[in-house]
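Okay, structure first, notes after.
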Amino acid sequence: MNKIELLAPAGSIEALEAAVESGADAVYIGGNKFNARAFADNLNEDMLKEAVAYAHIRGVKIYVTVNILILQKELEEVLEYIKYLYTLHVDAVIVQDIGLVMMIQKLLPDFEVHCSTQMAVHNTDGANLFYELGIKRVVLARELSLQEVNKIADNTGIDAEIFVHGALCVCYSGQCYMSSLIGGRSGNRGKCAQPCRKKYRLHDISKGKEVQTNRGAYLISTRDLNTYDSLYEIAASKAASLKIEGRMKRPEYVAIITHHYRAALDCIQQDKDNCISEEAAYELRIAFNREFTQGYLFHNRNQEIVSIDRPDNRGLFIGKVLNQKGNMVELLLEENFINDGDSIEIIAENGKSTGCTISGIKKDNNTVKSAKPGDKIRIFVTDRVVPGSRVNKTMDYKLFQKAREEYANKNKKKIAIKGIFTGKINEAPILEIKDRNGNDIKVIGEEQIQKAEKAAVSEEKIIEQLNKTKDTPYVFENIEIHIEPNCFLSVKAVNNLRREAIEQLSKKRIRLPQRSMEDIDIKKFIHSYSSSLPNSNVAKQELIAGVTNLHAGLSAMSGGANTIYILGDYRFKEGLKLIDEINKHGSASGCSLYYVLPQITRDEDIKELESMLHQAFERNESLGLVLSNIGHVKIAERLQTKKVRGNFTLNALNSAAMQFFIERGFGSLCVSPELNLSQIKELSKATPMQLEAVVYGYLPAMITEYCPSSAASDCDACGSSCNKNHGIMDDRNKLFRLISLGNCKTTILNSDVLCVYDNLANVMESGISKLRMDFYNEEEKDILEIVKAYKDKMMNPWNNKENMAIEEIKNKGFTKGHYFRGIE
């Protein structure tokens with residue numbers, strides 16, 4: 001059985017120490033720049049240096065997250081930061097931005113790059129593309145099953161990293177725009193506001209009323225992942241690294257989770273039985289849980305993935321409230337022990353809750369430190385509570401105290417070394433030490449060995465002094481002594497020799513071999529990715545209509561659209577029919593036709609998708625493709641099509657990212673809906689890529705394997721009995737429509753329609769040559785009028801005459817997206 005890396009999180013130096021001392025093989029951390037946990041403590045440059053030293057000395061790798069999308073103006077700063085991490089001897093960087101990946105590969109080819117889960121790599125094609133580019137590892141999408149993980153690892157040779165514990169995202173990571181669309185805080189920029197943890201009501205759009213749900217209102221709030229019980233299967237998989245989520249969590253949490261996964265993995269990899277313990281399962285649950293799921297990794301779906309009654313830590317049930325007199329509440333303990341210092345939550349039937357930390361437990365007439373199931377106890381609670389209320393323990397004081405004590409011993413994790421001590425009279429002593437990584441240090445003492453006038457130094461005494469490494473992370477597993485008879489050397493000299501050798505060994509262990517420290521001209525390097533010929537500014541203007549059915553396509557063509565995008569889903573037979581029908585009408589009207597590949601295409605989808613596209617190309621050689629994920633590059637290569645564009649879901653925000661797609665034959669690329677006009681203009685000046693932008697439509701806020709309609713009491717998950725005409729409504733009565741894509745995938749559309757009709761001139765001036773409108777649920781007559789209005793505006797952008805169709809849209813409520821506000 002291959003040894004699998006255990007990768008732990010750290011949001012602070014203390015959490016890093018907890019991870020290292022609890023058995024992590026590697027720790028991932030974020031600096032105070034360019035990382036997807038902007039609200040964690042994070043580490044400044046001095047702390048990063050300290051972190052690398054602490055971990056490397058103890059044989060643990062450090063990966064630094066640079067896992068956000070990079071704006072054009074940030075390229076110089078981010079590359080200087082990458083260069084700094086390289087000089088710190090960071091083992092690898094975890095990166096989301098495809099442009100940054102390519103720049104690191106060219107600038108520092110020996111700096112290991114891991115593709116972040118924010119890149120949403122979810123198929124063999126995507127992983128294989130990165131493997132061919134020389135990428136060492138990819139953090140696979142959390143939506144994949146263990147069988148899919150194995151297939152990707154087997155068919156690419158790339159190291160597959162998977163999440164095994166911690167918080168989940170309901171949307172494919174890197175494909176979520178909901179936080180930025182609602183409040184301007186982008187998950188792709190490390191500032192997710194977690195809209196998935198808010199309350200929503202399931203709404204039947206056709207009936208105009210709320211749908212009854214099974215339990216609660218947190219319809220898209222996921223449970224926490226916990227695969228501890230399935231570690232035997234995971235250890236036998238092809239995964240190279242098992243990742244624990246939790247850079248926002250307390251150090252004690254990191255210590256507890258890391259310790260138990262480490263113990264179980266070590267036990268399993270020694271071919272032992274009974275490696276999964278009930279005690280560990282308890283401690284994993286009390287450390288933090290939003291209810292647990294084994295996730296998509298083990299085929300959990302829908303209501304097995306979410307916990308809709310509440311979005312926060314559950315703790316563990318311990319008992320119920322009997323009564324309250326003044327501030328003293330009497331409890332009956334039914335399950336689990338309780339200790340002084342524990343935190344509890346008291347939850348009434350109506351969901352109202354109050355929390356407190358226990359300070360003093362009264363049992364009978366005595367004050368006790370703990371109580372067990374069956375005991376009736378009294379505790380002090382400031383708030384009024386209701387008899388019969390449920391009581392959960394949310395923090396185990398003794399467990400967290402034990403965890404702190406264990407990782408506070410910073411030298412618990414010991415590195416085995418061998419020593420050879422050589423001494424000759426009238427010569428300086430020599431101490432050579434070696435570790436198991438091949439690091440070899442030789443130190444020559446300052447004090448010469450003398451001929452003993454009285455008692456000679458013994459081998460035992462030298463060994464005794466050399467073994468005094470308790471305050472270091474080292475332990476001698478073997479010491480050879482080679483000294484002449486009748487030698488004398490002071491104890492101080494031996495101690496100094498040991499200290500010097502260990503200090504030098506530590507310095508050597510911190511540094512990674514074969515790193516070139518040549519000075520690099522970052523500005524000159526970035527200029528190689530820039531261009532003074534922004535083709536997007538001089539290209540012919542093009543009006544694009546994205547549609548999902550024939551009648552929408554016909555209406556868009558009648559309205560004057562130059563190009564039709566078929567917004568593909570997973571109903572491929574229907575997709576082929578739609579391509580044929582629109583092509584028949586479009587060729588007569590002179591419209592170009594493109595098929596937009598589904599945003600997510602798992603390996604199980606690709607064979608059927610390619611078969612459909614082969615048939616489509618046989619009937620229409622001029623058909624173009626809009627590629628929506630990185631793996632689609634491989635599909636386009638196999639189909640040998642040259643007519644290729646890129647969707648906004650590719651998240652290309654800078655000229656380096658654009659260059660990656662230019663080199664792969666893309667004719668144009670849709671800019672991210674998270675860019676504002678000034679950022680688009682800056683990008684257009686730096687790349688020859690023709691740029692497209694969405695200027696009308698309900699923007700996709702999320703794509704998820706989870707179907708929120710499954711919360712309905714009469715719904716059999718993705719079965720036919722579900723009413724698919726659903727949306728979710730937030731506490732401001734904003735309705736987010738659900739679009740069923742087939743294959744149990746769902747797109748959640750933004751609540752307000754994007755409409756920049758009045759500012760189309762500004763959009764065009766920013767460097768956009770292709771203006772795109774996406775229609776998901778509009779009526780045919782409305783599509784016709786909207787396309788006509790935009791076509792007239794495109795031809796005469798400074799004409800400020802009101803249009804009735806546009807005014808009707810604006811009166812119902814609309815957004816200008818990020819064009820004028822941008823994202824944090």
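Going by the structure tokens order, chains are called A, B, ..., each with residues numbered from 1, while ligands are numbered from 1 in the order shown.
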
Within 12 Å of Arg645 (chain A), counting only C-alpha atoms, which residues qualify if same-chain residues fewer than 5 places away don't, as JSON, numbers by chain? {"A": [565, 593, 594, 595, 596, 597, 623, 624, 625, 626, 627, 628, 629, 632, 633, 636, 650, 658, 661, 662, 664, 665, 666, 667, 668, 669, 670, 671, 689, 690, 691, 692, 770]}

Neighbour list for region 195-199 of chain A as a ChimeraX atom specification, cut-off 10 Å, only C-alpha atoms, skip fewer than 6 positions in-chain: /A:169-171,178-180,182-183,216-222,308-312,728-731

So that I have them on file, write out the residues from the current selection with N, CA, C and O atoms, as an mmCIF file, in the first residue's frame.
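Contents of selection-v3.cif, freshly written:
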```cif
data_model
loop_
_atom_site.group_PDB
_atom_site.id
_atom_site.type_symbol
_atom_site.label_atom_id
_atom_site.label_comp_id
_atom_site.auth_asym_id
_atom_site.auth_seq_id
_atom_site.Cartn_x
_atom_site.Cartn_y
_atom_site.Cartn_z
ATOM 1 N N CYS A 169 -18.557 23.174 -0.114
ATOM 2 C CA CYS A 169 -19.279 24.195 -0.868
ATOM 3 C C CYS A 169 -20.426 23.507 -1.597
ATOM 4 O O CYS A 169 -20.255 22.402 -2.116
ATOM 5 N N VAL A 170 -21.571 24.151 -1.672
ATOM 6 C CA VAL A 170 -22.698 23.567 -2.385
ATOM 7 C C VAL A 170 -22.501 23.692 -3.891
ATOM 8 O O VAL A 170 -23.013 22.882 -4.666
ATOM 9 N N CYS A 171 -21.734 24.683 -4.310
ATOM 10 C CA CYS A 171 -21.422 24.913 -5.727
ATOM 11 C C CYS A 171 -20.041 24.346 -6.044
ATOM 12 O O CYS A 171 -19.181 24.231 -5.167
ATOM 13 N N MET A 178 -22.334 33.752 -6.719
ATOM 14 C CA MET A 178 -23.484 34.212 -5.951
ATOM 15 C C MET A 178 -23.101 35.272 -4.926
ATOM 16 O O MET A 178 -23.793 36.285 -4.769
ATOM 17 N N SER A 179 -21.998 35.050 -4.214
ATOM 18 C CA SER A 179 -21.578 36.015 -3.196
ATOM 19 C C SER A 179 -21.290 37.373 -3.805
ATOM 20 O O SER A 179 -21.689 38.410 -3.267
ATOM 21 N N SER A 180 -20.629 37.383 -4.951
ATOM 22 C CA SER A 180 -20.297 38.666 -5.577
ATOM 23 C C SER A 180 -21.532 39.325 -6.188
ATOM 24 O O SER A 180 -21.686 40.544 -6.133
ATOM 25 N N ILE A 182 -24.620 39.070 -5.137
ATOM 26 C CA ILE A 182 -25.501 39.577 -4.086
ATOM 27 C C ILE A 182 -24.879 40.762 -3.357
ATOM 28 O O ILE A 182 -25.530 41.790 -3.144
ATOM 29 N N GLY A 183 -23.615 40.612 -2.971
ATOM 30 C CA GLY A 183 -23.035 41.630 -2.097
ATOM 31 C C GLY A 183 -21.682 42.173 -2.498
ATOM 32 O O GLY A 183 -21.083 42.956 -1.751
ATOM 33 N N GLY A 216 -36.433 22.492 7.327
ATOM 34 C CA GLY A 216 -36.004 23.833 7.678
ATOM 35 C C GLY A 216 -35.858 24.745 6.489
ATOM 36 O O GLY A 216 -36.374 24.481 5.400
ATOM 37 N N ALA A 217 -35.105 25.839 6.706
ATOM 38 C CA ALA A 217 -35.058 26.910 5.719
ATOM 39 C C ALA A 217 -33.675 27.132 5.105
ATOM 40 O O ALA A 217 -33.535 27.950 4.217
ATOM 41 N N TYR A 218 -32.669 26.412 5.588
ATOM 42 C CA TYR A 218 -31.312 26.620 5.055
ATOM 43 C C TYR A 218 -31.113 25.660 3.886
ATOM 44 O O TYR A 218 -30.374 24.673 3.976
ATOM 45 N N LEU A 219 -31.764 25.981 2.771
ATOM 46 C CA LEU A 219 -31.949 25.017 1.687
ATOM 47 C C LEU A 219 -30.666 24.638 0.964
ATOM 48 O O LEU A 219 -30.595 23.575 0.350
ATOM 49 N N ILE A 220 -29.645 25.507 1.006
ATOM 50 C CA ILE A 220 -28.414 25.188 0.265
ATOM 51 C C ILE A 220 -27.192 25.179 1.188
ATOM 52 O O ILE A 220 -26.064 25.364 0.744
ATOM 53 N N SER A 221 -27.429 24.943 2.470
ATOM 54 C CA SER A 221 -26.335 24.879 3.444
ATOM 55 C C SER A 221 -25.861 23.431 3.581
ATOM 56 O O SER A 221 -26.618 22.556 4.010
ATOM 57 N N THR A 222 -24.627 23.176 3.217
ATOM 58 C CA THR A 222 -24.111 21.809 3.210
ATOM 59 C C THR A 222 -23.700 21.348 4.611
ATOM 60 O O THR A 222 -23.349 22.140 5.476
ATOM 61 N N ILE A 308 -30.689 21.288 6.242
ATOM 62 C CA ILE A 308 -31.444 22.509 5.986
ATOM 63 C C ILE A 308 -32.045 23.132 7.243
ATOM 64 O O ILE A 308 -32.614 24.216 7.182
ATOM 65 N N ASP A 309 -31.902 22.458 8.402
ATOM 66 C CA ASP A 309 -32.527 23.043 9.591
ATOM 67 C C ASP A 309 -31.680 24.126 10.236
ATOM 68 O O ASP A 309 -32.200 25.010 10.910
ATOM 69 N N ARG A 310 -30.335 24.074 10.043
ATOM 70 C CA ARG A 310 -29.482 25.139 10.567
ATOM 71 C C ARG A 310 -28.111 25.059 9.895
ATOM 72 O O ARG A 310 -27.711 24.002 9.415
ATOM 73 N N PRO A 311 -27.349 26.178 9.866
ATOM 74 C CA PRO A 311 -26.104 26.205 9.100
ATOM 75 C C PRO A 311 -24.827 26.172 9.946
ATOM 76 O O PRO A 311 -23.747 26.384 9.431
ATOM 77 N N ASP A 312 -24.961 25.924 11.261
ATOM 78 C CA ASP A 312 -23.794 26.086 12.128
ATOM 79 C C ASP A 312 -23.511 24.819 12.921
ATOM 80 O O ASP A 312 -24.116 23.769 12.693
ATOM 81 N N ILE A 728 -35.535 29.608 -5.328
ATOM 82 C CA ILE A 728 -35.359 29.806 -3.895
ATOM 83 C C ILE A 728 -35.417 31.299 -3.612
ATOM 84 O O ILE A 728 -34.858 32.110 -4.349
ATOM 85 N N MET A 729 -36.133 31.667 -2.553
ATOM 86 C CA MET A 729 -36.386 33.071 -2.239
ATOM 87 C C MET A 729 -35.706 33.420 -0.928
ATOM 88 O O MET A 729 -35.836 32.706 0.067
ATOM 89 N N ASP A 730 -34.952 34.526 -0.920
ATOM 90 C CA ASP A 730 -34.223 34.896 0.288
ATOM 91 C C ASP A 730 -35.078 35.794 1.192
ATOM 92 O O ASP A 730 -36.257 36.060 0.903
ATOM 93 N N ASP A 731 -34.470 36.292 2.271
ATOM 94 C CA ASP A 731 -35.237 37.078 3.244
ATOM 95 C C ASP A 731 -35.595 38.470 2.737
ATOM 96 O O ASP A 731 -36.346 39.194 3.383
#
```

Counting only C-alpha atoms, which of A:Pro598, A:Pro373, A:Gly419, A:Pro251 gets nearest to Lys442 (chain A)? A:Gly419

So which residues touch Gly11 (chain A) within 10 Å, counting only C-alpha atoms, skipping near sequence neighbours fewer than 2 positions away, as a PyMOL selection string? chain A and resi 9+13-16+28-31+37+39-43+246-251+254

Please report, as a ChimeraX atom specification, each residue of region 160-394 of chain A to which DSSP assigns helix (DSSP H, G or I) when run on this structure's backbone. /A:178-183,187-189,195-197,228-235,251-269,278-287,296-298,302-304

Within 12 Å of Tyr131 (chain A) using only C-alpha atoms, minus same-chain residues under 2 positions, as an MDAnalysis selection string: chainID A and resid 113:115 121 124:129 133:138 152:153 155:160 631

Here is a test: counting only C-alpha atoms, which residue of A:Gly315, A:Arg498, A:Leu107, A:Gly99 is nearest to Ile82 (chain A)? A:Leu107

Please build the interface table for region 617-686 of chain A against region 573-587 of chain A with a cut-off of 10 Å, listing for each qualifying residue the nearest atom pair and the distance in Å to one decimal; count only C-alpha atoms, order rows by chain and increasing number, and write it as a tab-separated table.
```
residue	atom	partner	partner_atom	distance
A:Phe617	CA	A:Ile579	CA	9.9
A:Arg619	CA	A:Asp580	CA	7.7
A:Asn620	CA	A:Asn583	CA	7.6
A:Ser622	CA	A:Asn583	CA	9.6
A:Leu623	CA	A:Asn583	CA	8.5
```

One residue among A:Leu75, A:Ile481, A:Ala501, A:Ile449 is nearest to Ile462 (chain A) when using only C-alpha atoms, and that residue is A:Ile481

Using DSSP on the backbone, list every residue of region 167-381 of chain A that comes out as strand (DSSP E), and give them as a ChimeraX atom specification. /A:167,201-204,209-210,224-226,241-244,292-293,316-325,328-333,338-339,343-347,353-357,361-363,366-368,370-371,376-380

Distance CA of Asp605 (chain A)-CA of Asp569 (chain A), one decimal place?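 One can read the CA of Asp605 (chain A) to CA of Asp569 (chain A) distance as 10.5 Å.
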
Got a sec: who's within 8 Å of region 263-280 of chain A, counting only C-alpha atoms, leaving out chain neighbours fewer than 5 positions off, as a list in words? Met1, Asn2, Lys3, Tyr228, Asp229, Leu231, Tyr232 and Ala235 of chain A
